[in-house]
Amino acid sequence: MCCSQGQQRGWAGKAASTMTEKQRPCVIIAIDGPAGAGKSTVAQRLARLLGYRYVDSGALYRAVGWLVCEHALLLEDPAALVAYLQRTPIELTFPNGTLQVWVAGRCVTSQVRGEAVTHAASAVATMPGVRRVITAQLRQIGGEADVVMEGRDIGTVVFPDATVKFFLDASPTIRGQRRLQEMQQGRSSATLGQVVEAMAQRDSQDRARATAPLMRSPDAQIIDTTDLTVDEVVQTMLSEIRRVLP
Ligand code: CDP
């Protein structure tokens, strides 16, 4: 059994000595990196293999982006947006191996990956108040279960003491091809050039923002997935996890 809420590792300043004998800290596998680096596919597979909960932190930012689009909230008024967010429950579920995103009890999974919501998600992710709310939610989830959590700031800000940290990257063209393939399953007619350009803009906004920018934690293992299969990436990660975990 892993720790109860508030007794997880370092981020909350709680030492292992506060835990009872039966408890141990939750295991946090942190996977960060830019769009299209392959985080979601490997994170889901790792979570299944390890029996951990899969957490897509980007889906929470997308849910906030959805709120902005759906209710025409103003990006120029972050305080009002944060107040709205604080009274609007956002939840992630993972029934039958498929991520579902819920906002105020409504399933919005099929709506959070569109262009407008993607753009709004990246914009709200620059707002410190929004990040505070989402970070608190992620820490709560990681305090209740062993998790594989993917995002941009998991190993740097959300769980700086994560059990194992990875930073996935790949060449811009490969990342664009992967994203295009995903989009074409949803029948998008975008070109590779357009996808690479949109990803580059989002990445540079993610890297340049003042709060919790996309960056590698110095103790994260970098994996360049450009020329690797999903299996190869998962095996590399599993070896590192087995090395670190008793
Ligand atoms: O799937 P993709 O990699 O394209 O994006 P995502 O993981 O769904 O994240 C959507 C957006 O949320 C990103 O462009 C970031 O701006 C933001 N995000 C963040 O700021 N911090 C995180 N931990 C996760 C996502």
# chains A, B, ... in the order shown; residues from 1 in each chain; ligands from 1
$ select_by_dssp --residues "range 54-190 of chain A" --states "helix (DSSP H, G or I)" --output "PyMOL selection string"
chain A and resi 57-70+78-86+95-97+109-111+115-124+128-144+154-158+172-185
$ closest_atom_pairs --of "range 26-66 of chain A" --to "range 221-234 of chain A" --cutoff "12 Å" --atoms "only C-alpha atoms" --output "Markdown table"
| residue | atom | partner | partner_atom | distance |
| --- | --- | --- | --- | --- |
| A:Ile29 | CA | A:Gln221 | CA | 11.5 |
| A:Ala30 | CA | A:Gln221 | CA | 10.3 |
| A:Ile31 | CA | A:Gln221 | CA | 9.5 |
| A:Asp32 | CA | A:Ile222 | CA | 9.5 |
| A:Gly33 | CA | A:Ile222 | CA | 9.3 |
| A:Pro34 | CA | A:Asp224 | CA | 11.4 |
| A:Gly36 | CA | A:Thr225 | CA | 9.9 |
| A:Ala37 | CA | A:Thr225 | CA | 6.8 |
| A:Gly38 | CA | A:Thr225 | CA | 7.3 |
| A:Lys39 | CA | A:Thr225 | CA | 9.7 |
| A:Ser40 | CA | A:Val230 | CA | 10.6 |
| A:Thr41 | CA | A:Val230 | CA | 7.5 |
| A:Val42 | CA | A:Val234 | CA | 6.0 |
| A:Ala43 | CA | A:Val234 | CA | 8.4 |
| A:Gln44 | CA | A:Val234 | CA | 10.0 |
| A:Arg45 | CA | A:Val234 | CA | 7.5 |
| A:Leu46 | CA | A:Val234 | CA | 6.6 |
| A:Ala47 | CA | A:Val234 | CA | 10.4 |
| A:Arg48 | CA | A:Val234 | CA | 11.3 |
| A:Leu49 | CA | A:Val234 | CA | 9.7 |
| A:Leu50 | CA | A:Val234 | CA | 11.3 |
$ closest_atom_pairs --of "chain A" --to "ligand 1" --cutoff "8 Å" --atoms "only C-alpha atoms and all ligand atoms" --output "CSV"
residue,atom,partner,partner_atom_place_in_ligand_line,distance
A:Asp32,CA,ligand 1,23 (N),7.5
A:Gly33,CA,ligand 1,3 (O),7.8
A:Pro34,CA,ligand 1,3 (O),5.9
A:Ala35,CA,ligand 1,3 (O),3.3
A:Gly36,CA,ligand 1,3 (O),5.6
A:Ala37,CA,ligand 1,3 (O),7.4
A:Lys39,CA,ligand 1,3 (O),7.4
A:Ser40,CA,ligand 1,1 (O),7.3
A:Asp56,CA,ligand 1,7 (O),6.8
A:Ser57,CA,ligand 1,24 (C),4.8
A:Gly58,CA,ligand 1,25 (C),3.5
A:Ala59,CA,ligand 1,8 (O),5.1
A:Leu60,CA,ligand 1,25 (C),7.6
A:Tyr61,CA,ligand 1,12 (O),4.8
A:Arg62,CA,ligand 1,10 (C),5.7
A:Arg113,CA,ligand 1,8 (O),7.6
A:Thr118,CA,ligand 1,10 (C),6.2
A:His119,CA,ligand 1,14 (O),7.7
A:Ala121,CA,ligand 1,11 (C),5.1
A:Ser122,CA,ligand 1,16 (O),3.5
A:Ala123,CA,ligand 1,16 (O),6.8
A:Val124,CA,ligand 1,16 (O),7.6
A:Ala125,CA,ligand 1,20 (O),4.5
A:Thr126,CA,ligand 1,20 (O),6.9
A:Arg131,CA,ligand 1,20 (O),7.7
A:Glu150,CA,ligand 1,23 (N),6.8
A:Gly151,CA,ligand 1,23 (N),3.6
A:Arg152,CA,ligand 1,23 (N),4.0
A:Asp153,CA,ligand 1,23 (N),4.8
A:Ile154,CA,ligand 1,23 (N),5.8
A:Arg179,CA,ligand 1,4 (O),7.8
A:Met199,CA,ligand 1,4 (O),7.5
A:Arg202,CA,ligand 1,14 (O),5.6
A:Asp203,CA,ligand 1,14 (O),6.6
A:Gln205,CA,ligand 1,16 (O),7.2
A:Asp206,CA,ligand 1,16 (O),5.2
A:Ala212,CA,ligand 1,20 (O),7.4
A:Pro213,CA,ligand 1,20 (O),7.2
A:Leu214,CA,ligand 1,20 (O),7.2
$ write_last_selection --atoms "C-alpha atoms" --output "compact mmCIF listing (two decimals), in the first residue's frame"
# COMPACT_ATOMS: atom_id res chain seq x y z
CA ASP A 32 8.25 15.18 -19.51
CA GLY A 33 8.96 16.43 -23.00
CA PRO A 34 7.59 18.40 -25.94
CA ALA A 35 4.52 17.54 -28.03
CA GLY A 36 4.87 14.46 -30.22
CA ALA A 37 7.90 13.05 -28.37
CA LYS A 39 5.05 10.46 -24.03
CA SER A 40 1.41 9.32 -24.06
CA ASP A 56 -1.97 12.84 -18.48
CA SER A 57 -1.42 16.30 -16.97
CA GLY A 58 -1.83 17.89 -20.40
CA ALA A 59 -5.42 16.65 -20.44
CA LEU A 60 -6.12 18.82 -17.38
CA TYR A 61 -4.71 21.91 -19.15
CA ARG A 62 -6.75 20.94 -22.21
CA ARG A 113 -7.84 17.80 -28.91
CA THR A 118 -5.10 23.10 -28.02
CA HIS A 119 -4.30 26.77 -28.54
CA ALA A 121 -4.61 25.07 -23.35
CA SER A 122 -1.18 26.41 -24.21
CA ALA A 123 -2.32 29.95 -23.33
CA VAL A 124 -3.86 29.02 -19.95
CA ALA A 125 -0.74 26.98 -19.14
CA THR A 126 1.22 30.26 -18.97
CA ARG A 131 -0.90 26.14 -12.81
CA GLU A 150 3.32 12.78 -18.17
CA GLY A 151 3.61 16.48 -18.92
CA ARG A 152 6.00 19.39 -19.18
CA ASP A 153 6.89 20.15 -15.54
CA ILE A 154 6.28 16.90 -13.65
CA ARG A 179 1.05 14.07 -34.50
CA MET A 199 3.94 22.35 -32.64
CA ARG A 202 3.40 25.72 -28.85
CA ASP A 203 6.79 24.32 -27.78
CA GLN A 205 5.51 29.16 -25.74
CA ASP A 206 5.90 26.19 -23.32
CA ALA A 212 7.11 26.03 -14.88
CA PRO A 213 8.55 26.15 -18.40
CA LEU A 214 9.13 22.98 -20.40
$ select_by_dssp --residues "range 34-151 of chain A" --states "strand (DSSP E or B)" --output "VMD selection string"
chain A and resid 53 to 56 90 to 93 100 to 103 106 to 107 147 to 151
$ residues_around --residues "range 92-105 of chain A" --least-positions-apart "2" --cutoff "9 Å" --atoms "only C-alpha atoms" --output "list in words"
Gln44, Arg48, Arg53, Tyr54, Val55, Asp56, Ala59, Leu60, Ala63, Val64, Trp66, Leu67, Arg87, Thr88, Pro89, Ile90, Cys107, Val108, Thr109, Ser110 and Val112 of chain A
